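What follows is the content of target01.tsv, which has TSV, C-alpha atoms:
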```tsv
chain	number	residue	atom	x	y	z
M	1	MET	CA	-65.12	18.49	-89.65
M	2	ASN	CA	-63.59	18.53	-93.12
M	3	ALA	CA	-65.13	16.81	-96.12
M	4	SER	CA	-63.14	14.80	-98.62
M	5	PRO	CA	-62.91	16.41	-102.08
M	6	TRP	CA	-64.29	13.13	-103.44
M	7	GLU	CA	-67.52	13.33	-101.47
M	8	GLY	CA	-70.47	14.01	-103.75
M	9	ARG	CA	-68.43	13.32	-106.89
M	10	ALA	CA	-70.60	12.20	-109.80
M	11	LEU	CA	-69.27	9.08	-111.52
M	12	GLY	CA	-71.50	9.27	-114.53
M	13	THR	CA	-74.20	7.19	-116.11
M	14	ARG	CA	-73.86	3.85	-117.85
M	15	THR	CA	-76.31	1.67	-119.72
M	16	VAL	CA	-75.83	-1.99	-118.88
M	17	SER	CA	-77.42	-5.04	-120.46
M	18	TRP	CA	-77.63	-8.74	-119.73
M	19	THR	CA	-78.99	-11.95	-121.18
M	20	GLU	CA	-80.46	-15.14	-119.76
M	21	ARG	CA	-77.01	-16.69	-120.11
M	22	ASP	CA	-75.49	-14.02	-117.82
M	23	ALA	CA	-78.15	-14.52	-115.15
M	24	ILE	CA	-77.74	-18.31	-115.27
M	25	LEU	CA	-73.93	-18.13	-115.15
M	26	TYR	CA	-74.24	-15.85	-112.12
M	27	ALA	CA	-76.55	-18.26	-110.29
M	28	LEU	CA	-74.16	-21.14	-110.91
M	29	ALA	CA	-71.12	-19.05	-109.90
M	30	VAL	CA	-72.63	-18.18	-106.51
M	31	GLY	CA	-73.59	-21.76	-105.75
M	32	ALA	CA	-77.05	-22.47	-107.17
M	33	PRO	CA	-77.40	-26.25	-107.68
M	34	ALA	CA	-78.08	-27.51	-111.19
M	35	ASP	CA	-81.48	-28.88	-110.15
M	36	ARG	CA	-82.78	-25.42	-109.18
M	37	LEU	CA	-84.33	-25.01	-112.61
M	38	ASP	CA	-85.97	-21.71	-111.74
M	39	LEU	CA	-82.47	-20.27	-111.31
M	40	VAL	CA	-80.49	-22.06	-114.02
M	41	TYR	CA	-82.99	-22.88	-116.82
M	42	GLU	CA	-84.22	-20.19	-119.19
M	43	GLU	CA	-87.72	-21.69	-119.51
M	44	ARG	CA	-88.65	-20.73	-115.95
M	45	LEU	CA	-85.87	-18.35	-114.93
M	46	ARG	CA	-86.05	-16.07	-111.89
M	47	VAL	CA	-83.06	-13.73	-111.60
M	48	LEU	CA	-81.27	-13.55	-108.26
M	49	PRO	CA	-81.47	-9.93	-107.03
M	50	THR	CA	-77.76	-9.89	-106.14
M	51	PHE	CA	-77.03	-10.32	-109.86
M	52	ALA	CA	-77.70	-6.56	-109.99
M	53	LEU	CA	-74.38	-6.01	-108.24
M	54	THR	CA	-72.50	-7.38	-111.25
M	55	LEU	CA	-74.31	-4.85	-113.44
M	56	ALA	CA	-73.20	-1.97	-111.21
M	57	GLN	CA	-69.59	-3.10	-110.64
M	58	TRP	CA	-68.40	-0.47	-113.10
M	59	ALA	CA	-68.95	2.32	-110.57
M	60	PRO	CA	-66.46	1.44	-107.80
M	61	ASP	CA	-64.00	0.49	-110.53
M	62	ALA	CA	-64.49	3.92	-112.12
M	63	LEU	CA	-63.70	5.67	-108.84
M	64	GLY	CA	-60.47	3.70	-108.51
M	65	GLU	CA	-59.51	4.59	-112.07
M	66	LEU	CA	-59.96	8.28	-111.21
M	67	GLY	CA	-57.24	7.92	-108.55
M	68	ALA	CA	-59.33	8.20	-105.40
M	69	PHE	CA	-57.44	5.26	-103.88
M	70	ASP	CA	-54.77	2.67	-104.64
M	71	VAL	CA	-56.61	-0.13	-106.42
M	72	THR	CA	-53.92	-2.66	-105.43
M	73	THR	CA	-54.54	-2.22	-101.69
M	74	ALA	CA	-58.15	-1.04	-101.39
M	75	VAL	CA	-60.65	-3.73	-100.38
M	76	HIS	CA	-64.41	-4.08	-100.38
M	77	GLY	CA	-65.52	-3.27	-96.85
M	78	SER	CA	-69.30	-3.68	-96.96
M	79	GLN	CA	-72.28	-3.80	-99.29
M	80	ARG	CA	-75.87	-2.66	-99.27
M	81	LEU	CA	-78.60	-3.47	-101.78
M	82	LEU	CA	-82.17	-2.20	-101.94
M	83	VAL	CA	-84.34	-3.94	-104.55
M	84	HIS	CA	-87.08	-1.78	-106.03
M	85	ARG	CA	-88.37	-4.24	-108.62
M	86	PRO	CA	-87.18	-7.63	-109.89
M	87	LEU	CA	-84.89	-7.97	-112.90
M	88	GLU	CA	-86.20	-9.73	-115.98
M	89	PRO	CA	-84.25	-12.70	-117.38
M	90	SER	CA	-82.73	-10.34	-119.96
M	91	GLY	CA	-82.81	-6.62	-120.39
M	92	GLU	CA	-81.12	-3.23	-120.29
M	93	LEU	CA	-80.86	-0.57	-117.59
M	94	THR	CA	-79.45	2.93	-117.24
M	95	THR	CA	-77.51	3.25	-113.98
M	96	THR	CA	-76.15	6.40	-112.35
M	97	ALA	CA	-73.36	6.51	-109.76
M	98	ARG	CA	-71.92	8.95	-107.27
M	99	VAL	CA	-69.69	9.03	-104.19
M	100	SER	CA	-72.36	9.41	-101.53
M	101	ALA	CA	-69.95	9.68	-98.56
M	102	VAL	CA	-66.28	9.49	-97.58
M	103	ARG	CA	-65.54	8.57	-93.97
M	104	ASP	CA	-62.25	9.24	-92.23
M	105	LYS	CA	-60.88	6.23	-90.34
M	106	GLY	CA	-57.53	7.82	-89.54
M	107	ALA	CA	-55.02	5.70	-91.43
M	108	ALA	CA	-57.66	4.84	-94.03
M	109	ALA	CA	-60.82	6.19	-95.61
M	110	VAL	CA	-64.08	4.48	-96.54
M	111	PHE	CA	-65.62	5.55	-99.85
M	112	ASP	CA	-69.35	4.89	-100.30
M	113	VAL	CA	-70.19	4.46	-103.97
M	114	GLU	CA	-73.93	4.53	-104.67
M	115	VAL	CA	-75.38	3.18	-107.90
M	116	SER	CA	-79.06	3.78	-108.60
M	117	CYS	CA	-81.65	2.93	-111.23
M	118	ASP	CA	-85.36	2.11	-111.31
M	119	ARG	CA	-84.74	-1.52	-110.30
M	120	PHE	CA	-82.26	-1.19	-107.43
M	121	THR	CA	-79.97	1.02	-105.35
M	122	ALA	CA	-76.62	-0.49	-104.41
M	123	THR	CA	-73.85	0.96	-102.25
M	124	TRP	CA	-70.27	-0.26	-102.13
M	125	SER	CA	-68.13	0.76	-99.15
M	126	ILE	CA	-64.48	0.66	-100.19
M	127	PHE	CA	-61.84	0.56	-97.42
M	128	ALA	CA	-58.81	2.44	-98.74
M	129	PRO	CA	-55.57	2.42	-96.68
M	130	GLY	CA	-53.57	5.65	-96.77
M	131	CYS	CA	-56.52	7.86	-97.71
M	132	GLY	CA	-57.64	8.98	-94.25
M	133	GLY	CA	-56.49	11.75	-91.94
M	134	PHE	CA	-58.35	14.58	-93.69
M	135	GLY	CA	-60.38	15.47	-90.61
M	136	GLY	CA	-63.71	14.03	-91.67
M	137	GLU	CA	-66.34	12.11	-89.73
M	138	ARG	CA	-65.59	8.49	-88.84
M	139	GLY	CA	-69.09	7.27	-89.61
M	140	PRO	CA	-71.21	4.71	-87.75
M	141	SER	CA	-69.77	1.83	-85.77
M	142	ALA	CA	-70.29	-1.76	-86.81
M	143	PRO	CA	-73.73	-3.18	-85.97
M	144	ARG	CA	-73.88	-5.58	-83.04
M	145	ARG	CA	-75.10	-9.13	-83.29
M	146	PRO	CA	-78.38	-9.96	-81.48
M	147	ASP	CA	-77.88	-10.77	-77.81
M	148	ARG	CA	-79.50	-14.20	-77.95
M	149	PRO	CA	-78.75	-17.65	-79.38
M	150	ALA	CA	-79.02	-18.00	-83.14
M	151	ASP	CA	-82.31	-19.30	-84.51
M	152	HIS	CA	-80.55	-21.01	-87.41
M	153	THR	CA	-77.18	-22.76	-87.55
M	154	LEU	CA	-76.34	-23.37	-91.20
M	155	SER	CA	-73.36	-23.86	-93.50
M	156	VAL	CA	-72.07	-22.49	-96.79
M	157	VAL	CA	-69.79	-24.68	-98.89
M	158	THR	CA	-67.57	-22.96	-101.47
M	159	HIS	CA	-65.55	-24.76	-104.13
M	160	ALA	CA	-61.98	-24.44	-105.39
M	161	ARG	CA	-62.89	-22.90	-108.77
M	162	GLN	CA	-65.53	-20.48	-107.50
M	163	ALA	CA	-63.44	-17.28	-107.71
M	164	ALA	CA	-62.37	-18.18	-111.24
M	165	PHE	CA	-66.02	-18.57	-112.25
M	166	TYR	CA	-67.28	-15.47	-110.45
M	167	ARG	CA	-64.74	-13.15	-112.06
M	168	LEU	CA	-66.36	-13.89	-115.44
M	169	LEU	CA	-69.32	-11.82	-114.23
M	170	GLY	CA	-67.27	-8.61	-114.41
M	171	ASP	CA	-65.10	-8.31	-111.29
M	172	ARG	CA	-61.72	-9.05	-112.88
M	173	HIS	CA	-59.54	-7.77	-110.02
M	174	ALA	CA	-56.34	-9.77	-110.18
M	175	MET	CA	-56.19	-10.47	-106.43
M	176	HIS	CA	-58.93	-13.09	-106.90
M	177	ILE	CA	-56.96	-15.15	-109.44
M	178	ASP	CA	-53.27	-14.15	-109.40
M	179	PRO	CA	-51.13	-15.20	-106.38
M	180	ASP	CA	-48.77	-12.23	-106.85
M	181	ALA	CA	-51.65	-9.75	-106.87
M	182	ALA	CA	-53.13	-11.41	-103.79
M	183	THR	CA	-49.79	-11.05	-101.99
M	184	ALA	CA	-49.66	-7.35	-102.92
M	185	ALA	CA	-53.10	-6.98	-101.33
M	186	GLY	CA	-51.87	-8.59	-98.10
M	187	MET	CA	-53.23	-12.11	-98.66
M	188	ASP	CA	-51.23	-15.31	-98.89
M	189	ARG	CA	-53.27	-16.62	-101.86
M	190	PRO	CA	-56.15	-15.55	-104.13
M	191	PHE	CA	-59.41	-15.17	-102.28
M	192	LEU	CA	-63.09	-15.29	-103.12
M	193	HIS	CA	-64.97	-12.12	-104.00
M	194	GLY	CA	-66.87	-10.85	-100.99
M	195	LEU	CA	-70.02	-10.47	-103.08
M	196	CYS	CA	-69.79	-14.12	-104.10
M	197	THR	CA	-69.52	-15.20	-100.45
M	198	LEU	CA	-72.46	-12.96	-99.57
M	199	ALA	CA	-74.69	-14.24	-102.37
M	200	ALA	CA	-73.82	-17.87	-101.57
M	201	SER	CA	-74.92	-17.29	-97.96
M	202	LEU	CA	-78.40	-16.27	-99.06
M	203	PHE	CA	-79.32	-19.77	-100.30
M	204	PRO	CA	-79.28	-21.48	-96.88
M	205	LEU	CA	-80.81	-18.41	-95.23
M	206	ALA	CA	-83.71	-18.35	-97.69
M	207	ASP	CA	-84.25	-22.09	-97.24
M	208	ALA	CA	-84.30	-21.70	-93.45
M	209	LEU	CA	-86.87	-18.89	-93.68
M	210	GLY	CA	-89.04	-20.78	-96.15
M	211	VAL	CA	-88.68	-18.18	-98.92
M	212	HIS	CA	-87.23	-18.13	-102.41
M	213	PRO	CA	-83.79	-16.44	-102.79
M	214	ALA	CA	-85.17	-14.37	-105.68
M	215	GLU	CA	-87.53	-12.72	-103.16
M	216	LEU	CA	-84.67	-10.74	-101.58
M	217	ALA	CA	-85.75	-7.13	-101.00
M	218	GLU	CA	-82.90	-5.66	-98.93
M	219	LEU	CA	-79.42	-6.75	-97.99
M	220	GLU	CA	-76.38	-5.47	-96.14
M	221	ALA	CA	-73.23	-7.01	-94.68
M	222	ARG	CA	-69.64	-6.23	-93.78
M	223	PHE	CA	-66.71	-8.21	-95.15
M	224	ALA	CA	-64.65	-8.86	-92.03
M	225	ALA	CA	-62.14	-11.33	-93.49
M	226	PRO	CA	-61.61	-13.10	-96.80
M	227	THR	CA	-63.09	-16.42	-97.80
M	228	PHE	CA	-60.78	-18.70	-99.74
M	229	PRO	CA	-62.15	-20.95	-102.48
M	230	GLY	CA	-62.96	-24.32	-100.92
M	231	ASP	CA	-63.72	-22.91	-97.47
M	232	ARG	CA	-66.71	-24.26	-95.57
M	233	LEU	CA	-68.41	-21.49	-93.59
M	234	GLY	CA	-70.61	-21.67	-90.54
M	235	LEU	CA	-73.64	-19.43	-90.89
M	236	SER	CA	-75.66	-18.15	-87.93
M	237	GLY	CA	-79.04	-16.50	-88.45
M	238	TRP	CA	-81.37	-14.60	-86.12
M	239	ALA	CA	-84.87	-14.39	-87.56
M	240	GLY	CA	-87.50	-11.79	-86.82
M	241	ALA	CA	-90.20	-9.61	-88.26
M	242	PRO	CA	-89.21	-6.39	-90.08
M	243	GLY	CA	-89.26	-3.49	-87.64
M	244	ASP	CA	-88.50	-5.50	-84.48
M	245	ASP	CA	-85.46	-4.99	-82.26
M	246	SER	CA	-83.05	-6.97	-84.43
M	247	PRO	CA	-83.33	-8.03	-88.08
M	248	GLY	CA	-84.20	-5.34	-90.60
M	249	ARG	CA	-84.77	-2.59	-88.06
M	250	ASP	CA	-82.52	-0.02	-89.70
M	251	MET	CA	-83.18	-1.02	-93.29
M	252	PRO	CA	-84.63	1.76	-95.44
M	253	GLY	CA	-87.23	-0.01	-97.56
M	254	ASP	CA	-90.95	-0.44	-97.04
M	255	ALA	CA	-91.44	-3.81	-95.34
M	256	GLY	CA	-94.61	-5.75	-96.01
M	257	PRO	CA	-96.51	-7.44	-93.17
M	258	GLY	CA	-95.55	-10.93	-94.33
M	259	ASP	CA	-91.90	-10.19	-95.10
M	260	ARG	CA	-89.17	-12.31	-93.51
M	261	ALA	CA	-86.07	-10.64	-92.05
M	262	VAL	CA	-82.89	-12.10	-90.63
M	263	CYS	CA	-79.58	-11.00	-89.14
M	264	PHE	CA	-76.64	-13.23	-89.97
M	265	GLU	CA	-72.92	-13.84	-89.58
M	266	ALA	CA	-70.57	-16.23	-91.36
M	267	THR	CA	-67.44	-17.76	-89.83
M	268	ALA	CA	-64.63	-19.80	-91.40
M	269	GLU	CA	-63.57	-23.16	-89.96
M	270	ASP	CA	-60.50	-21.56	-88.38
M	271	GLY	CA	-62.74	-19.16	-86.42
M	272	ARG	CA	-62.33	-16.09	-88.62
M	273	ALA	CA	-65.46	-13.94	-88.85
M	274	VAL	CA	-66.01	-13.57	-92.59
M	275	LEU	CA	-69.36	-11.75	-92.81
M	276	THR	CA	-70.57	-9.59	-89.93
M	277	GLY	CA	-73.50	-7.24	-89.42
M	278	GLY	CA	-75.47	-9.11	-92.05
M	279	ARG	CA	-79.14	-8.24	-92.48
M	280	ALA	CA	-81.55	-9.40	-95.16
M	281	ARG	CA	-85.24	-9.03	-95.86
M	282	PHE	CA	-87.24	-11.21	-98.21
M	283	ARG	CA	-90.62	-10.33	-99.70
M	284	THR	CA	-93.45	-12.80	-99.71
M	285	THR	CA	-95.34	-10.89	-102.40
M	286	ILE	CA	-93.30	-10.21	-105.53
M	287	PRO	CA	-93.82	-6.94	-107.43
M	288	ASP	CA	-94.68	-7.25	-111.12
M	289	PRO	CA	-91.44	-6.39	-113.01
M	290	THR	CA	-93.48	-4.91	-115.89
M	291	GLU	CA	-95.49	-2.62	-113.63
M	292	ASN	CA	-94.76	1.09	-113.93
M	293	PRO	CA	-94.39	2.41	-110.33
M	294	ASP	CA	-95.02	6.00	-111.52
M	295	ALA	CA	-98.28	5.21	-113.30
```

What do you get writing this file as structure tokens?
Amino acid sequence: MNASPWEGRALGTRTVSWTERDAILYALAVGAPADRLDLVYEERLRVLPTFALTLAQWAPDALGELGAFDVTTAVHGSQRLLVHRPLEPSGELTTTARVSAVRDKGAAAVFDVEVSCDRFTATWSIFAPGCGGFGGERGPSAPRRPDRPADHTLSVVTHARQAAFYRLLGDRHAMHIDPDAATAAGMDRPFLHGLCTLAASLFPLADALGVHPAELAELEARFAAPTFPGDRLGLSGWAGAPGDDSPGRDMPGDAGPGDRAVCFEATAEDGRAVLTGGRARFRTTIPDPTENPDA
């Protein structure tokens, strides 16, 4: 097997900062209702863990700028997030990124971009047409859905301006706002950011499990097809305890005895699978964000 010359490439270190306004705008952009004051009001604000992904967006963008793939045709294939400690309502972090793996899919390659800091580790998998064929490993197959009826049948409602709002959080790729750029990427119109669709799906899942969305500890999902602003998605969830035969089994973090885990999939009204292989784990005991884990 041959390795890609991009595998192991360091992408540098960047200090990122945010304010309460950024965290609130994010919550609203991914679908938090205005009456969820603990998500949209600075007096009692809890930051959604997926907000961390906006802080680390610089890393996959940096790899594209280096010429690893064509940024006009590459798409976000999947995402993983491991939460080490919660984010404060405002703050500053130093993040470090590298290309942790490059998988050869034949006509395409998948670049795994890992961003790490003391609060989270996030991994983007970027599907890049025309970059495969170098003789590398294909990587793991897609995870299978549980072989039983869903425990939860839910819905996710997006709105027509959602992509326009979400791009203000840092992902300014033109395919999400410009019809010509969307056409160049193989879509007939601008589409919603996969990370926005994913974050929006966590609200009904958390409600169904009886947990707060800010208690997310681990997350992964594949982006099987685009969501278009205004789509209504069907969401299926299979609940279970961390470490059982379905939800959370292969997730790397340390699961607590009271944690809630779920597998999930999202489907558009026309039958397209939008999110597949989804897995999430929520904590029921929240770590103190001021605690020093090395003390």

### Task
Using all atoms listed in the file, find the one residue out of M:Asp180, M:Cys263, M:Ala108, M:Gly258 that sits nearest to M:Pro149.
M:Cys263

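Near M:Ser100, within 10 Å and counting only C-alpha atoms, sit Trp6, Glu7, Gly8, Arg9, Ala10, Ala97, Arg98, Val102, Phe111, Asp112, Val113, Glu114, Val115, Thr123, Trp124 and Ser125 of chain M; same-chain residues fewer than 2 positions away were not included.
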
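Proximity of M:Arg103, M:Arg80, M:His159, M:His212 to M:Val47, computed with only C-alpha atoms, is greatest for M:His212.
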
### Query
Out of M:Leu219, M:Ala181, M:Val262, M:Ala200, which residue has the shortest atom-to-atom distance to M:Arg145 when counting all atoms listed in the file?
M:Val262

### Message
Please compute the atom CA of M:Pro60-atom CA of M:Met175 distance, one decimal, in Å.
### Response
15.8 Å

### Message
Excluding M:Ala266 and its own-chain neighbours fewer than 5 positions away, which residues fall within 8 Å of it when counting all atoms listed in the file? Please give them as number ranges by chain.
### Response
M: 201, 233-236, 273-276

### Query
Which neighbours of M:Leu202 fall inside 12 Å, counting only C-alpha atoms, when residues of the same chain fewer than 4 positions from it are skipped, and could you give them as a ChimeraX atom specification?
/M:27,30-32,48-50,154-156,195-198,206-221,235-237,261-266,275,278-282

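Residue nearest M:Ile24, chosen from M:Ala142, M:Ala163, M:Leu11, M:Leu169 and counting only C-alpha atoms: M:Leu169.
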
Would you fill the gaps in stretch 131-142 of chain M so it has all heavy atoms, then print it as a PDB file, keeping the file's coordinate frame?
```pdb
ATOM      1  N   CYS M 131     -55.689   6.767 -97.194  1.00  0.00           N
ATOM      2  CA  CYS M 131     -56.520   7.860 -97.710  1.00  0.00           C
ATOM      3  C   CYS M 131     -57.220   8.650 -96.609  1.00  0.00           C
ATOM      4  O   CYS M 131     -57.989   9.572 -96.911  1.00  0.00           O
ATOM      5  CB  CYS M 131     -57.555   7.314 -98.682  1.00  0.00           C
ATOM      6  SG  CYS M 131     -56.865   6.615-100.187  1.00  0.00           S
ATOM      7  N   GLY M 132     -56.987   8.290 -95.349  1.00  0.00           N
ATOM      8  CA  GLY M 132     -57.640   8.980 -94.250  1.00  0.00           C
ATOM      9  C   GLY M 132     -56.830  10.158 -93.743  1.00  0.00           C
ATOM     10  O   GLY M 132     -55.879  10.615 -94.375  1.00  0.00           O
ATOM     11  N   GLY M 133     -57.217  10.659 -92.565  1.00  0.00           N
ATOM     12  CA  GLY M 133     -56.490  11.750 -91.940  1.00  0.00           C
ATOM     13  C   GLY M 133     -56.832  13.122 -92.467  1.00  0.00           C
ATOM     14  O   GLY M 133     -56.082  14.080 -92.229  1.00  0.00           O
ATOM     15  N   PHE M 134     -57.983  13.266 -93.153  1.00  0.00           N
ATOM     16  CA  PHE M 134     -58.350  14.580 -93.690  1.00  0.00           C
ATOM     17  C   PHE M 134     -59.271  15.353 -92.760  1.00  0.00           C
ATOM     18  O   PHE M 134     -59.732  16.449 -93.083  1.00  0.00           O
ATOM     19  CB  PHE M 134     -58.988  14.431 -95.078  1.00  0.00           C
ATOM     20  CG  PHE M 134     -60.184  13.510 -95.129  1.00  0.00           C
ATOM     21  CD1 PHE M 134     -61.454  13.974 -94.831  1.00  0.00           C
ATOM     22  CD2 PHE M 134     -60.015  12.180 -95.481  1.00  0.00           C
ATOM     23  CE1 PHE M 134     -62.548  13.122 -94.884  1.00  0.00           C
ATOM     24  CE2 PHE M 134     -61.118  11.322 -95.549  1.00  0.00           C
ATOM     25  CZ  PHE M 134     -62.377  11.796 -95.249  1.00  0.00           C
ATOM     26  N   GLY M 135     -59.568  14.766 -91.590  1.00  0.00           N
ATOM     27  CA  GLY M 135     -60.380  15.470 -90.610  1.00  0.00           C
ATOM     28  C   GLY M 135     -61.867  15.313 -90.786  1.00  0.00           C
ATOM     29  O   GLY M 135     -62.643  16.125 -90.258  1.00  0.00           O
ATOM     30  N   GLY M 136     -62.283  14.257 -91.461  1.00  0.00           N
ATOM     31  CA  GLY M 136     -63.710  14.030 -91.670  1.00  0.00           C
ATOM     32  C   GLY M 136     -64.330  13.168 -90.586  1.00  0.00           C
ATOM     33  O   GLY M 136     -63.654  12.704 -89.657  1.00  0.00           O
ATOM     34  N   GLU M 137     -65.625  12.946 -90.691  1.00  0.00           N
ATOM     35  CA  GLU M 137     -66.340  12.110 -89.730  1.00  0.00           C
ATOM     36  C   GLU M 137     -65.962  10.639 -89.914  1.00  0.00           C
ATOM     37  O   GLU M 137     -65.725  10.186 -91.031  1.00  0.00           O
ATOM     38  CB  GLU M 137     -67.844  12.276 -89.905  1.00  0.00           C
ATOM     39  CG  GLU M 137     -68.339  13.680 -89.586  1.00  0.00           C
ATOM     40  CD  GLU M 137     -69.854  13.769 -89.677  1.00  0.00           C
ATOM     41  OE1 GLU M 137     -70.485  12.731 -89.961  1.00  0.00           O
ATOM     42  OE2 GLU M 137     -70.385  14.868 -89.463  1.00  0.00           O
ATOM     43  N   ARG M 138     -65.939   9.903 -88.786  1.00  0.00           N
ATOM     44  CA  ARG M 138     -65.590   8.490 -88.840  1.00  0.00           C
ATOM     45  C   ARG M 138     -66.724   7.629 -89.363  1.00  0.00           C
ATOM     46  O   ARG M 138     -66.487   6.564 -89.939  1.00  0.00           O
ATOM     47  CB  ARG M 138     -65.188   7.966 -87.449  1.00  0.00           C
ATOM     48  CG  ARG M 138     -63.826   8.425 -86.966  1.00  0.00           C
ATOM     49  CD  ARG M 138     -63.441   7.674 -85.700  1.00  0.00           C
ATOM     50  NE  ARG M 138     -63.402   6.220 -85.888  1.00  0.00           N
ATOM     51  CZ  ARG M 138     -62.356   5.553 -86.374  1.00  0.00           C
ATOM     52  NH1 ARG M 138     -61.262   6.213 -86.738  1.00  0.00           N
ATOM     53  NH2 ARG M 138     -62.396   4.243 -86.496  1.00  0.00           N
ATOM     54  N   GLY M 139     -67.946   8.061 -89.175  1.00  0.00           N
ATOM     55  CA  GLY M 139     -69.090   7.270 -89.610  1.00  0.00           C
ATOM     56  C   GLY M 139     -69.553   6.337 -88.512  1.00  0.00           C
ATOM     57  O   GLY M 139     -68.973   6.256 -87.428  1.00  0.00           O
ATOM     58  N   PRO M 140     -70.619   5.574 -88.779  1.00  0.00           N
ATOM     59  CA  PRO M 140     -71.210   4.710 -87.750  1.00  0.00           C
ATOM     60  C   PRO M 140     -70.319   3.533 -87.408  1.00  0.00           C
ATOM     61  O   PRO M 140     -69.496   3.097 -88.205  1.00  0.00           O
ATOM     62  CB  PRO M 140     -72.522   4.245 -88.405  1.00  0.00           C
ATOM     63  CG  PRO M 140     -72.244   4.310 -89.876  1.00  0.00           C
ATOM     64  CD  PRO M 140     -71.337   5.498 -90.062  1.00  0.00           C
ATOM     65  N   SER M 141     -70.506   3.027 -86.194  1.00  0.00           N
ATOM     66  CA  SER M 141     -69.770   1.830 -85.770  1.00  0.00           C
ATOM     67  C   SER M 141     -70.444   0.596 -86.363  1.00  0.00           C
ATOM     68  O   SER M 141     -71.566   0.649 -86.866  1.00  0.00           O
ATOM     69  CB  SER M 141     -69.744   1.736 -84.249  1.00  0.00           C
ATOM     70  OG  SER M 141     -71.058   1.712 -83.731  1.00  0.00           O
ATOM     71  N   ALA M 142     -69.752  -0.514 -86.272  1.00  0.00           N
ATOM     72  CA  ALA M 142     -70.290  -1.760 -86.810  1.00  0.00           C
ATOM     73  C   ALA M 142     -71.524  -2.186 -86.027  1.00  0.00           C
ATOM     74  O   ALA M 142     -71.581  -2.031 -84.809  1.00  0.00           O
ATOM     75  CB  ALA M 142     -69.218  -2.849 -86.743  1.00  0.00           C
TER      76      ALA M 142
END
```
